[in-house]
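Note sheet for the following structure.
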Protein chains: 2
Amino acid sequence: VAASEFDLIRRYFADATGTRADVALGVGDDCALLDVPAGQSLAVSMDSLVAGRHFLPADCPEGVGHKALAVNLSDLAAMGAHPAWTLLSLTLPQADEAWVEAFMQGFSRLANAFGVQLVGGDTTRGPLSITVQVSGFVDAPTALRRSGARPGDRLFVSGTLGDAALALRLRQAADVPAELAERLDRPMPRVALGRLLRGHADAAIDISDGLLADLHHVCEASGVGARVELNKLPLSGPVQAACRTGDWQLPLSGGDDYELLFSVPPTDAAELQQLCARAQQPVREIGEFTAGQGIVLIHPDGRETEGAPHGFDHFR
Amino acid sequence: VAASEFDLIRRYFADATGTRADVALGVGDDCALLDVPAGQSLAVSMDSLVAGRHFLPADCPEGVGHKALAVNLSDLAAMGAHPAWTLLSLTLPQADEAWVEAFMQGFSRLANAFGVQLVGGDTTRGPLSITVQVSGFVDAPTALRRSGARPGDRLFVSGTLGDAALALRLRQAADVPAELAERLDRPMPRVALGRLLRGHADAAIDISDGLLADLHHVCEASGVGARVELNKLPLSGPVQAACRTGDWQLPLSGGDDYELLFSVPPTDAAELQQLCARAQQPVREIGEFTAGQGIVLIHPDGRETEGAPHGFDHFR
């Protein structure tokens, strides 16, 4: 029989179907068959990107493909897990080969960069959306959970905060500097940092909803509060400029950063900073976890305010 | 902080978050942490259901919840895998609590019936669609692949064929008999049969796209042809009546049956039929696999025609 449009599209999946030895059976059967290394737990996560909400139909499809996988790998990073396999479900209004080819270029390039193999998925006609599932390995006792932060732990973040939110804000008005656009469209999951934090961090999360919202998740899961010193926040030049007006919304509530937020016992903080410096992983201590509830923001002038977790909520 | 609508909806996920001992960490962190039994391979699959294509927005949400999981468990059944865990991604136009509650009732009831635990997922605003990922365990050498059918193997199917397609056809015109509607809305994945077939069947697939389309998949993967005797097809009374006009489209090309199609070496066929009878698994030999290519249909009058795989193609 002649190949249908459906078959034609699935050809592009092949770019991401590598040759991991632990894949006994990959794309093309009812299920994939996979082998988890002895002694390791499986870490799994799944996230959807919906057109008009997480990206625009006119966005560069290569970037959408990158991001659909990146946001999922970021969840593995936040557990300290080593990425292994992915499943992809694509829903498309029509069989647009050019779009799928570019989408899969972005997806496959990132998958190959992290040694991740595409082992299955499906393609359906419908409103444009993407669901990606990822699996990785981690030694369960060293996995970085949200619930392990303790009063007195130092509060760290990686990279810089607010760049993606600034890119999104500028995009609506004007051209966006390339380095900001890159932070919004092609976030790099902090997989290596997550692996490095095992055995050092008490808790970790990836910053997808904004610093305060995700810090709130850690505080709630751990039964602690936190203090954040605003003048310690790691900011790029453009975000620093935007904050000079006293509006800290970008770094505090801007989503899509995909940096890691983590807690480190005070006795371990100096050593961890050295480890990160040697591994060229940019991390910054921005505050501490406290007994009790709530997040306190310490402003540059010493004033203290409550940090309400204004995260991104899909139903608001 | 006050619970958002988002949080309210996720409460209903709790019905399906059981207490499997192999779930080290379930819903609520960046990833779930899971333990695969030593010596077992992981079987994984993922499928999306899109409103307007796989179901209608006005369909009973409890049935949609059942079916979203059932079609995925059917993929595990077709590999002979034992179901274990599931991830759920729900995209909804609005935070409709009543819809989600009913959806999760259908989803959770089926999950609990098969001992499957919901270990993660997300909820997003957007056009109504559902993506479900499932994982199960199987001893890799006994897994039922599509590629193992050999010339001379007997061709079997389970249950009856065409009921779901007839229910769909009738639904557009009139009331549907309850037992037909059940076959369309609440298919039961043949998990026990799949487990039983390990070590007996050379190849298996679940019939989601229609008998001929899925038989074609097996033939292509195995490099064989097949002969199907139409008067051996297992048909319910209503489908039998529809076929009396000589139109075999319902059992041959009707999708959504979720029965298993499998190949059995001729020396093993009698024993397998006894095993299935004892396990109260209805199976029927309907033909055989042949050397060469193509599917031949043997009509009740002895006439032979070519069986073109008119499966359901989402992009046609």
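Labels for the structure tokens follow display order: chains A, B, ..., residues from 1 in each chain, ligands from 1.
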
Using backbone DSSP assignments, extract all helix (DSSP H, G or I) residues from range 46-253 of chain A; output them as an MDAnalysis selection string.
chainID A and resid 61:79 97:113 140:142 146:148 163:171 178:185 191:197 211:222 230:232 237:243 249:253

Nearby residues (only C-alpha atoms) at most 8 Å from range 252-259 of chain B, same-chain spacing under 4 positions excluded, as a VMD selection string
chain B and resid 71 74 157 to 166 183 to 184 187 to 190 206 to 213 248 309 to 312

For chain B, which residue among A:Arg11, A:Arg186, A:His66, A:Arg125 is the nearest when counting only C-alpha atoms?
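Selected residue with least distance to chain B: A:Arg125.
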
Please check the contacts: residues of chain A at most 6 Å away from chain B, using only C-alpha atoms, listed as a PyMOL selection string.
chain A and resi 6+30-35+41-46+75+121+124-125+314-315

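For Arg227 in chain B, the list of residues within 6 Å, based on only C-alpha atoms and with local chain neighbours fewer than 4 positions off taken out, reads Gly287, Glu288, Ile295, Val296 and Leu297 of chain B.
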
Using DSSP on the backbone coordinates, identify all residues within range 122-279 of chain B classified as strand (DSSP E); present the result as a ChimeraX atom specification.
/B:122-125,129-138,154-158,203-207,225-229,259-264

Distance criterion (only C-alpha atoms): nearest to Glu182 in chain B out of B:Val64, B:Ala291, B:Ala14, B:Ala58:
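Closest candidate: B:Val64.
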